[in-house]
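Q: Next up is a structure, given as structure tokens.
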2 protein chains.
Amino acid sequence: MPAADLDQLDLAILSRLQEDSRTIAESIGAQVGLSAAAVQRRIKRLREAGVISREVAVIDPKAVGVDMTFVVSVEMERERIDVLDAFRKQVLADPAVQQCYYVTGSADFMLLVTCRDMTAFEAFTRRTFFENEEVRHFTTSVVMDRVKVGLSIPLTGG
Amino acid sequence: MPAADLDQLDLAILSRLQEDSRTIAESIGAQVGLSAAAVQRRIKRLREAGVISREVAVIDPKAVGVDMTFVVSVEMERERIDVLDAFRKQVLADPAVQQCYYVTGSADFMLLVTCRDMTAFEAFTRRTFFENEEVRHFTTSVVMDRVKVGLSIPLTGG
DNA sequence: GCTGAAACTGAGCTGCT
DNA sequence: AGCAGCTCAGTTTCAGC
């Protein structure tokens with residue numbers, strides 16, 4: 001859903017909601033100079049237009065005993081559409097894979113993987129890479145610190 | 001806030017909320033076999049305990065005219081605490097940086113950067129890398145496809 | 001068209017059992 | 001934990017700009 005025409009008020013509303021989706025409309029309205037009802041109407045439109053694609057709870061990984069994060073770059077044997085699509089489907093179905101990007105450069109895919117422990121990660125590498133003939137090479141980096149974690153979009157400047 | 005003691009009901013609730021934080025308690029209760037009030041009480045506890053760290057709106061980048069994503073690996077000149085901390089602060093303050101991880105391996109940091117266009121990305125590389133004496137090397141991969149984008153935590157198995 | 005005000009609906013909260 | 005009532009945010013209606 002590309003290029004909905006958004007004015008400055010919409011951007012201000014989005015900016016607040018991507019920080020905290022539970023912010024009440026009255027608070028946003030007070031900031032941007034709109035009534036609560038007007039803000040809610042805009043939010044509803046933004047949702048229906050797909051500008052707000054979803055609203056999610058972010059869970060502290062440590063609290064649920066998932067404490068390890070890995071950045072994995074993957075190089076496929078051949079860049080064939082069916083091979084790439086098969087890999088896409090595999091990572092989409094794998095709950096350990098938080099994020100997957102198809103990228104230019106020497107690597108084909110960049111993965112962000114979370115696991116309970118090293119054993120779980122080894123199980124992941126086996127099912128994802130070693131048992132896949134089409135994976136030529138993969139490189140793992142262990143995340144020591146999640147310096148910044150977000151899905152926020154830069155709405156101003158950028 | 002590590003290792004709150006969560007039972008299967010809590011995990012089921014979290015599982016729903018990290019997909020859609022607007023799911024009403026009654027719907028979750030019907031699924032897990034709890035009253036709406038009980039679900040709401042648990043959600044409140046999960047928030048207060050920090051298990052649910054935040055609730056955010058996910059915005060479609062294309063809808064706001066931000067259409068380019070990059071994966072950037074960064075190698076610092078020296079691994080000194082003050083140098084690393086300074087870089088941390090810089091990326092935390094930069095709205096173009098969605099995610100930043102401090103990692104093991106040849107690279108020191110992995111960044112996920114979103115920009116409106118190539119010009120904006122060039123401006124980012126200048127202010128972040130070229131004007132920073134401590135950055136030895138950086139490698140950019142252009143994201144061609146966001147195969148999977150999420151912050152969800154694998155609550156089962158994993 | 002989009003706004004603000006007010007009435008309506010519905011979900012979250014709280015006290016009680 | 002469940003139930004019932006209360007509270008408050010979101011929704012809809014309406015009139016006005």
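Letters for chains follow the order of the structure tokens (A, B, ...), residue numbers begin at 1 for each chain, and ligand numbers begin at 1 in the order shown.
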After a least-squares superposition on chain B over all sequentially paired C-alpha atoms, what is chain A as a CSV table (one decimal) with N, CA and C atoms, in the first residue's frame?

A:
```csv
chain,number,residue,atom,x,y,z
A,1,MET,N,15.0,-7.7,33.7
A,1,MET,CA,14.0,-8.4,34.5
A,1,MET,C,14.0,-9.9,34.1
A,2,PRO,N,14.9,-10.7,34.6
A,2,PRO,CA,15.1,-12.0,34.0
A,2,PRO,C,14.2,-13.0,34.8
A,3,ALA,N,13.8,-14.0,34.1
A,3,ALA,CA,13.2,-15.2,34.6
A,3,ALA,C,12.0,-15.0,35.6
A,4,ALA,N,11.0,-14.3,35.1
A,4,ALA,CA,9.7,-14.3,35.8
A,4,ALA,C,9.2,-15.7,35.6
A,5,ASP,N,8.5,-16.2,36.7
A,5,ASP,CA,8.0,-17.6,36.5
A,5,ASP,C,6.6,-17.5,35.7
A,6,LEU,N,6.7,-18.0,34.5
A,6,LEU,CA,5.5,-17.9,33.6
A,6,LEU,C,5.0,-19.3,33.4
A,7,ASP,N,3.7,-19.5,33.5
A,7,ASP,CA,3.1,-20.8,33.2
A,7,ASP,C,2.6,-20.8,31.8
A,8,GLN,N,2.1,-21.9,31.4
A,8,GLN,CA,1.7,-22.1,30.0
A,8,GLN,C,0.6,-21.1,29.5
A,9,LEU,N,-0.2,-20.7,30.5
A,9,LEU,CA,-1.3,-19.7,30.2
A,9,LEU,C,-0.6,-18.4,29.8
A,10,ASP,N,0.4,-18.0,30.6
A,10,ASP,CA,1.1,-16.7,30.3
A,10,ASP,C,1.7,-16.8,28.9
A,11,LEU,N,2.3,-17.9,28.6
A,11,LEU,CA,3.0,-18.0,27.3
A,11,LEU,C,2.0,-18.0,26.2
A,12,ALA,N,0.8,-18.6,26.4
A,12,ALA,CA,-0.2,-18.5,25.4
A,12,ALA,C,-0.7,-17.1,25.2
A,13,ILE,N,-0.8,-16.4,26.3
A,13,ILE,CA,-1.3,-15.0,26.2
A,13,ILE,C,-0.2,-14.2,25.4
A,14,LEU,N,1.0,-14.3,25.8
A,14,LEU,CA,2.1,-13.6,25.2
A,14,LEU,C,2.2,-13.9,23.7
A,15,SER,N,1.9,-15.2,23.4
A,15,SER,CA,2.0,-15.6,22.0
A,15,SER,C,1.0,-14.8,21.1
A,16,ARG,N,-0.2,-14.6,21.7
A,16,ARG,CA,-1.2,-13.9,21.0
A,16,ARG,C,-0.9,-12.4,20.9
A,17,LEU,N,-0.4,-11.9,22.0
A,17,LEU,CA,-0.2,-10.4,22.0
A,17,LEU,C,1.0,-10.0,21.2
A,18,GLN,N,2.0,-10.9,21.0
A,18,GLN,CA,3.1,-10.5,20.2
A,18,GLN,C,2.8,-10.6,18.7
A,19,GLU,N,1.7,-11.2,18.4
A,19,GLU,CA,1.2,-11.2,17.0
A,19,GLU,C,0.3,-10.0,16.8
A,20,ASP,N,-0.6,-9.7,17.8
A,20,ASP,CA,-1.5,-8.6,17.7
A,20,ASP,C,-1.8,-8.1,19.1
A,21,SER,N,-1.3,-7.0,19.5
A,21,SER,CA,-1.5,-6.5,20.8
A,21,SER,C,-2.9,-6.0,21.1
A,22,ARG,N,-3.7,-5.8,20.0
A,22,ARG,CA,-5.1,-5.4,20.2
A,22,ARG,C,-6.1,-6.5,20.4
A,23,THR,N,-5.6,-7.7,20.4
A,23,THR,CA,-6.4,-8.8,20.6
A,23,THR,C,-7.1,-8.7,21.9
A,24,ILE,N,-8.5,-8.8,22.0
A,24,ILE,CA,-9.2,-8.5,23.2
A,24,ILE,C,-9.1,-9.7,24.1
A,25,ALA,N,-9.1,-9.4,25.4
A,25,ALA,CA,-8.9,-10.5,26.4
A,25,ALA,C,-9.9,-11.6,26.3
A,26,GLU,N,-11.1,-11.2,25.9
A,26,GLU,CA,-12.2,-12.3,25.8
A,26,GLU,C,-11.8,-13.3,24.8
A,27,SER,N,-11.2,-12.9,23.7
A,27,SER,CA,-10.8,-13.8,22.6
A,27,SER,C,-9.7,-14.8,23.1
A,28,ILE,N,-8.7,-14.2,23.8
A,28,ILE,CA,-7.6,-15.0,24.3
A,28,ILE,C,-8.2,-16.0,25.4
A,29,GLY,N,-9.1,-15.4,26.2
A,29,GLY,CA,-9.6,-16.3,27.3
A,29,GLY,C,-10.4,-17.5,26.7
A,30,ALA,N,-11.1,-17.3,25.6
A,30,ALA,CA,-11.8,-18.4,25.0
A,30,ALA,C,-10.9,-19.4,24.5
A,31,GLN,N,-9.7,-19.0,24.1
A,31,GLN,CA,-8.7,-20.0,23.5
A,31,GLN,C,-8.0,-20.7,24.7
A,32,VAL,N,-7.7,-20.0,25.7
A,32,VAL,CA,-6.9,-20.7,26.7
A,32,VAL,C,-7.7,-21.2,27.9
A,33,GLY,N,-9.0,-20.9,27.9
A,33,GLY,CA,-9.9,-21.4,29.0
A,33,GLY,C,-9.8,-20.6,30.2
A,34,LEU,N,-9.9,-19.3,30.0
A,34,LEU,CA,-9.9,-18.3,31.2
A,34,LEU,C,-10.9,-17.3,30.9
A,35,SER,N,-11.4,-16.6,32.0
A,35,SER,CA,-12.3,-15.5,31.8
A,35,SER,C,-11.5,-14.3,31.3
A,36,ALA,N,-12.3,-13.3,30.7
A,36,ALA,CA,-11.6,-12.1,30.2
A,36,ALA,C,-10.9,-11.4,31.4
A,37,ALA,N,-11.5,-11.3,32.5
A,37,ALA,CA,-10.9,-10.6,33.6
A,37,ALA,C,-9.6,-11.2,34.1
A,38,ALA,N,-9.6,-12.5,34.1
A,38,ALA,CA,-8.3,-13.2,34.5
A,38,ALA,C,-7.2,-13.0,33.5
A,39,VAL,N,-7.5,-13.0,32.2
A,39,VAL,CA,-6.6,-12.7,31.1
A,39,VAL,C,-6.0,-11.3,31.3
A,40,GLN,N,-6.9,-10.3,31.6
A,40,GLN,CA,-6.5,-8.9,31.7
A,40,GLN,C,-5.6,-8.8,32.9
A,41,ARG,N,-5.9,-9.5,34.0
A,41,ARG,CA,-5.1,-9.4,35.2
A,41,ARG,C,-3.7,-9.9,34.9
A,42,ARG,N,-3.6,-11.0,34.1
A,42,ARG,CA,-2.3,-11.6,33.8
A,42,ARG,C,-1.5,-10.6,32.9
A,43,ILE,N,-2.2,-10.0,31.9
A,43,ILE,CA,-1.6,-9.1,31.0
A,43,ILE,C,-1.0,-7.9,31.8
A,44,LYS,N,-1.8,-7.4,32.7
A,44,LYS,CA,-1.3,-6.3,33.5
A,44,LYS,C,-0.1,-6.7,34.3
A,45,ARG,N,-0.1,-7.9,34.9
A,45,ARG,CA,1.1,-8.3,35.6
A,45,ARG,C,2.3,-8.5,34.7
A,46,LEU,N,2.1,-9.0,33.5
A,46,LEU,CA,3.2,-9.2,32.5
A,46,LEU,C,3.8,-7.8,32.1
A,47,ARG,N,2.9,-6.8,32.0
A,47,ARG,CA,3.4,-5.5,31.7
A,47,ARG,C,4.2,-4.9,32.9
A,48,GLU,N,3.7,-5.0,34.1
A,48,GLU,CA,4.4,-4.5,35.2
A,48,GLU,C,5.7,-5.2,35.5
A,49,ALA,N,5.7,-6.5,35.2
A,49,ALA,CA,7.0,-7.3,35.5
A,49,ALA,C,8.0,-7.0,34.3
A,50,GLY,N,7.6,-6.3,33.3
A,50,GLY,CA,8.5,-6.0,32.2
A,50,GLY,C,8.7,-7.2,31.2
A,51,VAL,N,7.9,-8.2,31.4
A,51,VAL,CA,7.9,-9.3,30.4
A,51,VAL,C,7.4,-8.8,29.0
A,52,ILE,N,6.3,-8.0,29.1
A,52,ILE,CA,5.9,-7.2,28.0
A,52,ILE,C,6.6,-5.8,28.1
A,53,SER,N,7.7,-5.6,27.3
A,53,SER,CA,8.5,-4.4,27.6
A,53,SER,C,7.8,-3.2,26.9
A,54,ARG,N,7.2,-3.4,25.8
A,54,ARG,CA,6.5,-2.3,25.2
A,54,ARG,C,5.4,-2.8,24.2
A,55,GLU,N,4.5,-1.9,23.8
A,55,GLU,CA,3.5,-2.2,22.8
A,55,GLU,C,3.6,-1.1,21.7
A,56,VAL,N,3.9,-1.5,20.5
A,56,VAL,CA,4.2,-0.6,19.5
A,56,VAL,C,3.4,-0.8,18.2
A,57,ALA,N,3.2,0.3,17.4
A,57,ALA,CA,2.5,0.2,16.1
A,57,ALA,C,3.7,0.0,15.1
A,58,VAL,N,3.5,-1.0,14.2
A,58,VAL,CA,4.4,-1.2,13.1
A,58,VAL,C,3.9,-0.5,11.9
A,59,ILE,N,4.8,0.4,11.4
A,59,ILE,CA,4.4,1.2,10.2
A,59,ILE,C,5.0,0.7,8.9
A,60,ASP,N,4.2,0.7,7.9
A,60,ASP,CA,4.7,0.2,6.6
A,60,ASP,C,5.6,1.3,6.0
A,61,PRO,N,6.9,1.0,5.9
A,61,PRO,CA,7.9,2.0,5.5
A,61,PRO,C,7.5,2.6,4.1
A,62,LYS,N,7.0,1.8,3.2
A,62,LYS,CA,6.7,2.4,1.9
A,62,LYS,C,5.6,3.5,2.0
A,63,ALA,N,4.7,3.3,2.9
A,63,ALA,CA,3.5,4.2,3.1
A,63,ALA,C,4.0,5.6,3.5
A,64,VAL,N,5.2,5.7,4.2
A,64,VAL,CA,5.7,7.0,4.6
A,64,VAL,C,6.9,7.4,3.7
A,65,GLY,N,7.1,6.7,2.6
A,65,GLY,CA,8.1,7.1,1.7
A,65,GLY,C,9.5,6.7,2.0
A,66,VAL,N,9.6,5.8,3.0
A,66,VAL,CA,10.9,5.3,3.3
A,66,VAL,C,11.0,3.9,2.7
A,67,ASP,N,11.9,3.7,1.7
A,67,ASP,CA,11.8,2.6,0.9
A,67,ASP,C,13.0,1.7,0.8
A,68,MET,N,14.1,2.2,1.4
A,68,MET,CA,15.4,1.5,1.3
A,68,MET,C,15.9,1.0,2.6
A,69,THR,N,16.3,-0.2,2.7
A,69,THR,CA,16.9,-0.8,3.9
A,69,THR,C,18.3,-1.4,3.6
A,70,PHE,N,19.2,-1.2,4.5
A,70,PHE,CA,20.5,-1.6,4.4
A,70,PHE,C,21.0,-2.4,5.6
A,71,VAL,N,21.8,-3.4,5.3
A,71,VAL,CA,22.5,-4.1,6.4
A,71,VAL,C,24.0,-3.7,6.3
A,72,VAL,N,24.5,-3.1,7.4
A,72,VAL,CA,25.8,-2.6,7.4
A,72,VAL,C,26.6,-3.2,8.5
A,73,SER,N,27.7,-3.8,8.2
A,73,SER,CA,28.6,-4.3,9.2
A,73,SER,C,29.8,-3.3,9.4
A,74,VAL,N,30.1,-3.1,10.6
A,74,VAL,CA,31.1,-2.0,11.0
A,74,VAL,C,32.2,-2.6,11.8
A,75,GLU,N,33.5,-2.3,11.3
A,75,GLU,CA,34.7,-2.7,12.1
A,75,GLU,C,35.3,-1.5,12.6
A,76,MET,N,35.6,-1.5,13.9
A,76,MET,CA,36.2,-0.3,14.6
A,76,MET,C,37.7,-0.4,14.5
A,77,GLU,N,38.3,0.7,14.7
A,77,GLU,CA,39.8,0.8,14.6
A,77,GLU,C,40.4,0.1,15.8
A,78,ARG,N,39.9,0.3,17.0
A,78,ARG,CA,40.4,-0.3,18.2
A,78,ARG,C,39.2,-0.7,19.0
A,79,GLU,N,39.3,-1.8,19.7
A,79,GLU,CA,38.2,-2.2,20.6
A,79,GLU,C,38.4,-1.7,22.0
A,80,ARG,N,38.2,-0.4,22.1
A,80,ARG,CA,38.3,0.3,23.4
A,80,ARG,C,36.9,0.6,23.8
A,81,ILE,N,36.7,0.4,25.1
A,81,ILE,CA,35.4,0.7,25.7
A,81,ILE,C,34.8,2.0,25.3
A,82,ASP,N,35.6,3.1,25.5
A,82,ASP,CA,35.1,4.4,25.2
A,82,ASP,C,34.8,4.6,23.8
A,83,VAL,N,35.5,4.0,22.9
A,83,VAL,CA,35.2,4.1,21.5
A,83,VAL,C,33.9,3.4,21.1
A,84,LEU,N,33.8,2.2,21.7
A,84,LEU,CA,32.6,1.5,21.4
A,84,LEU,C,31.3,2.2,22.0
A,85,ASP,N,31.5,2.7,23.2
A,85,ASP,CA,30.4,3.4,23.8
A,85,ASP,C,30.0,4.6,23.1
A,86,ALA,N,31.0,5.3,22.5
A,86,ALA,CA,30.7,6.6,21.8
A,86,ALA,C,29.9,6.2,20.5
A,87,PHE,N,30.3,5.1,19.9
A,87,PHE,CA,29.6,4.6,18.7
A,87,PHE,C,28.1,4.2,19.0
A,88,ARG,N,28.0,3.5,20.1
A,88,ARG,CA,26.7,3.1,20.6
A,88,ARG,C,25.7,4.4,20.7
A,89,LYS,N,26.2,5.4,21.4
A,89,LYS,CA,25.4,6.6,21.6
A,89,LYS,C,25.1,7.2,20.3
A,90,GLN,N,26.0,7.2,19.4
A,90,GLN,CA,25.8,7.8,18.1
A,90,GLN,C,24.6,7.1,17.3
A,91,VAL,N,24.6,5.8,17.3
A,91,VAL,CA,23.6,5.1,16.5
A,91,VAL,C,22.3,5.1,17.3
A,92,LEU,N,22.3,5.2,18.6
A,92,LEU,CA,21.1,5.3,19.4
A,92,LEU,C,20.4,6.6,19.0
A,93,ALA,N,21.1,7.6,18.8
A,93,ALA,CA,20.6,9.0,18.5
A,93,ALA,C,20.2,9.1,17.1
A,94,ASP,N,20.6,8.2,16.2
A,94,ASP,CA,20.4,8.4,14.8
A,94,ASP,C,19.1,7.7,14.4
A,95,PRO,N,18.1,8.4,13.9
A,95,PRO,CA,16.8,7.8,13.6
A,95,PRO,C,16.9,6.9,12.4
A,96,ALA,N,17.9,7.0,11.6
A,96,ALA,CA,18.0,6.1,10.4
A,96,ALA,C,18.4,4.7,10.9
A,97,VAL,N,19.0,4.6,12.0
A,97,VAL,CA,19.4,3.2,12.5
A,97,VAL,C,18.2,2.6,13.2
A,98,GLN,N,17.7,1.5,12.6
A,98,GLN,CA,16.6,0.8,13.3
A,98,GLN,C,17.1,-0.2,14.3
A,99,GLN,N,18.2,-0.8,14.0
A,99,GLN,CA,18.7,-1.8,14.9
A,99,GLN,C,20.3,-1.8,14.9
A,100,CYS,N,20.8,-2.1,16.0
A,100,CYS,CA,22.3,-2.2,16.1
A,100,CYS,C,22.7,-3.3,17.1
A,101,TYR,N,23.5,-4.2,16.7
A,101,TYR,CA,24.0,-5.3,17.5
A,101,TYR,C,25.5,-5.2,17.6
A,102,TYR,N,26.0,-5.4,18.8
A,102,TYR,CA,27.4,-5.6,19.0
A,102,TYR,C,27.7,-7.1,19.0
A,103,VAL,N,28.6,-7.5,18.0
A,103,VAL,CA,28.7,-8.9,17.7
A,103,VAL,C,30.2,-9.4,17.8
A,104,THR,N,30.3,-10.7,17.9
A,104,THR,CA,31.6,-11.3,17.8
A,104,THR,C,32.0,-11.5,16.4
A,105,GLY,N,33.2,-11.8,16.1
A,105,GLY,CA,33.6,-12.1,14.7
A,105,GLY,C,34.4,-10.9,14.1
A,106,SER,N,34.6,-10.9,12.8
A,106,SER,CA,35.4,-9.8,12.2
A,106,SER,C,34.8,-8.5,12.3
A,107,ALA,N,33.5,-8.4,12.2
A,107,ALA,CA,32.8,-7.1,12.4
A,107,ALA,C,32.6,-6.9,13.9
A,108,ASP,N,32.4,-5.6,14.2
A,108,ASP,CA,32.1,-5.2,15.6
A,108,ASP,C,30.6,-5.0,15.8
A,109,PHE,N,30.0,-4.3,14.8
A,109,PHE,CA,28.6,-3.9,14.9
A,109,PHE,C,27.9,-4.3,13.6
A,110,MET,N,26.7,-4.8,13.8
A,110,MET,CA,25.8,-5.0,12.7
A,110,MET,C,24.7,-4.0,12.8
A,111,LEU,N,24.4,-3.2,11.7
A,111,LEU,CA,23.4,-2.2,11.7
A,111,LEU,C,22.3,-2.5,10.7
A,112,LEU,N,21.1,-2.2,11.1
A,112,LEU,CA,20.0,-2.2,10.1
A,112,LEU,C,19.5,-0.8,9.9
A,113,VAL,N,19.7,-0.3,8.7
A,113,VAL,CA,19.5,1.2,8.5
A,113,VAL,C,18.3,1.3,7.5
A,114,THR,N,17.4,2.2,7.7
A,114,THR,CA,16.4,2.6,6.7
A,114,THR,C,16.5,4.0,6.3
A,115,CYS,N,16.4,4.2,5.0
A,115,CYS,CA,16.5,5.6,4.5
A,115,CYS,C,15.4,5.8,3.4
A,116,ARG,N,15.1,7.1,3.2
A,116,ARG,CA,14.2,7.4,2.2
A,116,ARG,C,14.7,7.1,0.8
A,117,ASP,N,16.0,7.3,0.5
A,117,ASP,CA,16.6,7.1,-0.8
A,117,ASP,C,18.1,7.0,-0.6
A,118,MET,N,18.8,6.7,-1.7
A,118,MET,CA,20.2,6.6,-1.7
A,118,MET,C,20.9,7.8,-1.2
A,119,THR,N,20.4,9.0,-1.5
A,119,THR,CA,21.0,10.2,-1.1
A,119,THR,C,21.0,10.3,0.4
A,120,ALA,N,19.9,9.9,1.0
A,120,ALA,CA,19.8,9.9,2.5
A,120,ALA,C,20.8,8.9,3.1
A,121,PHE,N,21.0,7.8,2.4
A,121,PHE,CA,21.9,6.8,2.9
A,121,PHE,C,23.3,7.3,2.8
A,122,GLU,N,23.7,8.0,1.7
A,122,GLU,CA,25.0,8.5,1.6
A,122,GLU,C,25.3,9.5,2.7
A,123,ALA,N,24.3,10.3,3.0
A,123,ALA,CA,24.4,11.3,4.1
A,123,ALA,C,24.6,10.5,5.4
A,124,PHE,N,23.9,9.4,5.6
A,124,PHE,CA,24.1,8.6,6.8
A,124,PHE,C,25.6,8.1,6.9
A,125,THR,N,26.1,7.5,5.8
A,125,THR,CA,27.4,6.9,5.8
A,125,THR,C,28.5,8.0,6.1
A,126,ARG,N,28.2,9.2,5.6
A,126,ARG,CA,29.2,10.3,5.8
A,126,ARG,C,29.2,10.6,7.3
A,127,ARG,N,28.0,10.9,7.9
A,127,ARG,CA,28.0,11.3,9.3
A,127,ARG,C,28.4,10.2,10.2
A,128,THR,N,28.2,9.0,9.9
A,128,THR,CA,28.4,7.9,10.8
A,128,THR,C,29.8,7.2,10.6
A,129,PHE,N,30.2,7.1,9.4
A,129,PHE,CA,31.5,6.4,9.2
A,129,PHE,C,32.6,7.3,8.8
A,130,PHE,N,32.4,8.1,7.7
A,130,PHE,CA,33.6,8.8,7.2
A,130,PHE,C,34.0,9.9,8.1
A,131,GLU,N,33.1,10.5,8.9
A,131,GLU,CA,33.5,11.5,9.8
A,131,GLU,C,33.9,11.0,11.2
A,132,ASN,N,34.0,9.6,11.2
A,132,ASN,CA,34.4,9.0,12.5
A,132,ASN,C,35.8,8.3,12.3
A,133,GLU,N,36.8,8.8,13.0
A,133,GLU,CA,38.1,8.3,12.8
A,133,GLU,C,38.3,6.9,13.3
A,134,GLU,N,37.4,6.5,14.2
A,134,GLU,CA,37.5,5.2,14.8
A,134,GLU,C,36.9,4.1,14.0
A,135,VAL,N,36.2,4.4,12.9
A,135,VAL,CA,35.7,3.4,12.1
A,135,VAL,C,36.7,3.0,11.0
A,136,ARG,N,37.1,1.7,11.1
A,136,ARG,CA,38.2,1.2,10.2
A,136,ARG,C,37.6,0.9,8.9
A,137,HIS,N,36.4,0.2,8.9
A,137,HIS,CA,35.8,-0.3,7.7
A,137,HIS,C,34.4,-0.6,7.9
A,138,PHE,N,33.6,-0.4,6.8
A,138,PHE,CA,32.2,-0.8,6.9
A,138,PHE,C,31.8,-1.4,5.5
A,139,THR,N,30.8,-2.4,5.6
A,139,THR,CA,30.4,-3.1,4.4
A,139,THR,C,28.8,-3.0,4.3
A,140,THR,N,28.4,-2.5,3.2
A,140,THR,CA,26.9,-2.3,3.0
A,140,THR,C,26.3,-3.4,2.1
A,141,SER,N,25.2,-3.9,2.6
A,141,SER,CA,24.4,-4.8,1.8
A,141,SER,C,23.0,-4.1,1.6
A,142,VAL,N,22.6,-4.0,0.4
A,142,VAL,CA,21.2,-3.4,0.1
A,142,VAL,C,20.2,-4.5,0.3
A,143,VAL,N,19.1,-4.2,1.0
A,143,VAL,CA,18.1,-5.2,1.2
A,143,VAL,C,17.1,-5.1,0.0
A,144,MET,N,17.0,-6.3,-0.7
A,144,MET,CA,16.1,-6.3,-1.9
A,144,MET,C,14.8,-6.8,-1.5
A,145,ASP,N,14.7,-7.6,-0.4
A,145,ASP,CA,13.4,-8.1,0.0
A,145,ASP,C,13.4,-8.3,1.5
A,146,ARG,N,12.4,-7.8,2.2
A,146,ARG,CA,12.3,-8.0,3.7
A,146,ARG,C,11.5,-9.3,3.8
A,147,VAL,N,12.2,-10.5,3.8
A,147,VAL,CA,11.5,-11.8,3.8
A,147,VAL,C,10.7,-11.9,5.1
A,148,LYS,N,11.3,-11.6,6.2
A,148,LYS,CA,10.7,-11.7,7.5
A,148,LYS,C,11.1,-10.6,8.4
A,149,VAL,N,10.2,-9.9,9.0
A,149,VAL,CA,10.5,-8.8,9.8
A,149,VAL,C,9.7,-8.9,11.1
A,150,GLY,N,10.3,-9.1,12.2
A,150,GLY,CA,9.6,-9.2,13.4
A,150,GLY,C,10.5,-9.1,14.6
A,151,LEU,N,9.9,-8.9,15.8
A,151,LEU,CA,10.6,-8.9,17.0
A,151,LEU,C,10.1,-10.1,17.9
A,152,SER,N,9.3,-11.0,17.3
A,152,SER,CA,8.7,-12.0,18.1
A,152,SER,C,9.7,-12.9,18.7
A,153,ILE,N,9.4,-13.4,19.9
A,153,ILE,CA,10.3,-14.3,20.6
A,153,ILE,C,9.7,-15.7,20.4
A,154,PRO,N,10.5,-16.7,20.1
A,154,PRO,CA,9.9,-18.1,20.0
A,154,PRO,C,9.6,-18.6,21.4
A,155,LEU,N,8.3,-18.7,21.7
A,155,LEU,CA,7.9,-19.1,23.1
A,155,LEU,C,7.8,-20.6,23.3
A,156,THR,N,7.6,-21.3,22.2
A,156,THR,CA,7.5,-22.8,22.3
A,156,THR,C,8.7,-23.4,21.6
A,157,GLY,N,9.3,-24.4,22.2
A,157,GLY,CA,10.4,-25.1,21.7
A,157,GLY,C,11.6,-24.1,21.6
A,158,GLY,N,11.9,-23.6,20.4
A,158,GLY,CA,13.0,-22.6,20.2
A,158,GLY,C,14.4,-23.3,20.4
```

Q: If you run DSSP on this backbone, which residues of region 46-141 of chain A come out as alpha helix (DSSP H), and could you give them as number ranges by chain?

A: A: 46-48, 81-93, 118-125

Q: Compile the residues of chain D that lie within 12 Å of chain B, evaluated using only C-alpha atoms (C1' of nucleotides), and express the compilation as a PyMOL selection string.

A: chain D and resi 1-4

Q: Mind checking DSSP for region 12-65 of chain A and telling me the strand (DSSP E or B) residues as a PyMOL selection string?

A: chain A and resi 52-59

Q: Hey, can you spit out that residue selection with N, CA, C and O atoms as an mmCIF file, in the first residue's frame?

A:
```cif
data_model
loop_
_atom_site.group_PDB
_atom_site.id
_atom_site.type_symbol
_atom_site.label_atom_id
_atom_site.label_comp_id
_atom_site.auth_asym_id
_atom_site.auth_seq_id
_atom_site.Cartn_x
_atom_site.Cartn_y
_atom_site.Cartn_z
ATOM 1 N N ILE A 52 -0.433 1.751 9.236
ATOM 2 C CA ILE A 52 -0.145 0.960 10.436
ATOM 3 C C ILE A 52 -0.445 -0.482 10.065
ATOM 4 O O ILE A 52 -1.597 -0.865 9.925
ATOM 5 N N SER A 53 0.622 -1.273 9.877
ATOM 6 C CA SER A 53 0.396 -2.625 9.381
ATOM 7 C C SER A 53 -0.004 -3.576 10.500
ATOM 8 O O SER A 53 -0.777 -4.489 10.298
ATOM 9 N N ARG A 54 0.556 -3.363 11.684
ATOM 10 C CA ARG A 54 0.159 -4.179 12.822
ATOM 11 C C ARG A 54 0.527 -3.493 14.128
ATOM 12 O O ARG A 54 1.294 -2.541 14.142
ATOM 13 N N GLU A 55 -0.029 -3.997 15.219
ATOM 14 C CA GLU A 55 0.318 -3.493 16.535
ATOM 15 C C GLU A 55 0.667 -4.687 17.397
ATOM 16 O O GLU A 55 -0.134 -5.620 17.540
ATOM 17 N N VAL A 56 1.858 -4.662 17.929
ATOM 18 C CA VAL A 56 2.391 -5.863 18.581
ATOM 19 C C VAL A 56 2.980 -5.552 19.950
ATOM 20 O O VAL A 56 3.399 -4.431 20.223
ATOM 21 N N ALA A 57 2.969 -6.575 20.798
ATOM 22 C CA ALA A 57 3.645 -6.502 22.089
ATOM 23 C C ALA A 57 5.075 -6.986 21.923
ATOM 24 O O ALA A 57 5.321 -8.009 21.285
ATOM 25 N N VAL A 58 6.017 -6.228 22.444
ATOM 26 C CA VAL A 58 7.423 -6.624 22.398
ATOM 27 C C VAL A 58 7.773 -7.299 23.718
ATOM 28 O O VAL A 58 7.594 -6.717 24.784
ATOM 29 N N ILE A 59 8.243 -8.520 23.621
ATOM 30 C CA ILE A 59 8.512 -9.321 24.807
ATOM 31 C C ILE A 59 9.995 -9.345 25.109
ATOM 32 O O ILE A 59 10.825 -9.460 24.202
#
```

Q: Counting only C-alpha atoms (C1' of nucleotides), give me one row per residue of chain C with an atom at most 9 Å from an atom of chain A, showing the shortest contact pair and its distance in Å to one decimal, sorted by chain then residue number, as a Markdown table.

A:
```
| residue | atom | partner | partner_atom | distance |
| --- | --- | --- | --- | --- |
| C:DC2 | C1' | A:Ala38 | CA | 8.6 |
| C:DT3 | C1' | A:Ala38 | CA | 7.1 |
| C:DG4 | C1' | A:Ser35 | CA | 6.7 |
```

Q: Taking C-alpha atoms (C1' of nucleotides) for each residue, export the selection above as a short mmCIF file (atom, residue, chain, number, x, y, z; two decimals), in the first residue's frame.

A:
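The resulting file, result-v3.cif, is reproduced below:
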```cif
data_model
loop_
_atom_site.label_atom_id
_atom_site.label_comp_id
_atom_site.auth_asym_id
_atom_site.auth_seq_id
_atom_site.Cartn_x
_atom_site.Cartn_y
_atom_site.Cartn_z
"C1'" DC C 2 -12.61 17.30 8.05
"C1'" DT C 3 -13.42 19.12 12.57
"C1'" DG C 4 -15.33 19.30 17.65
#
```
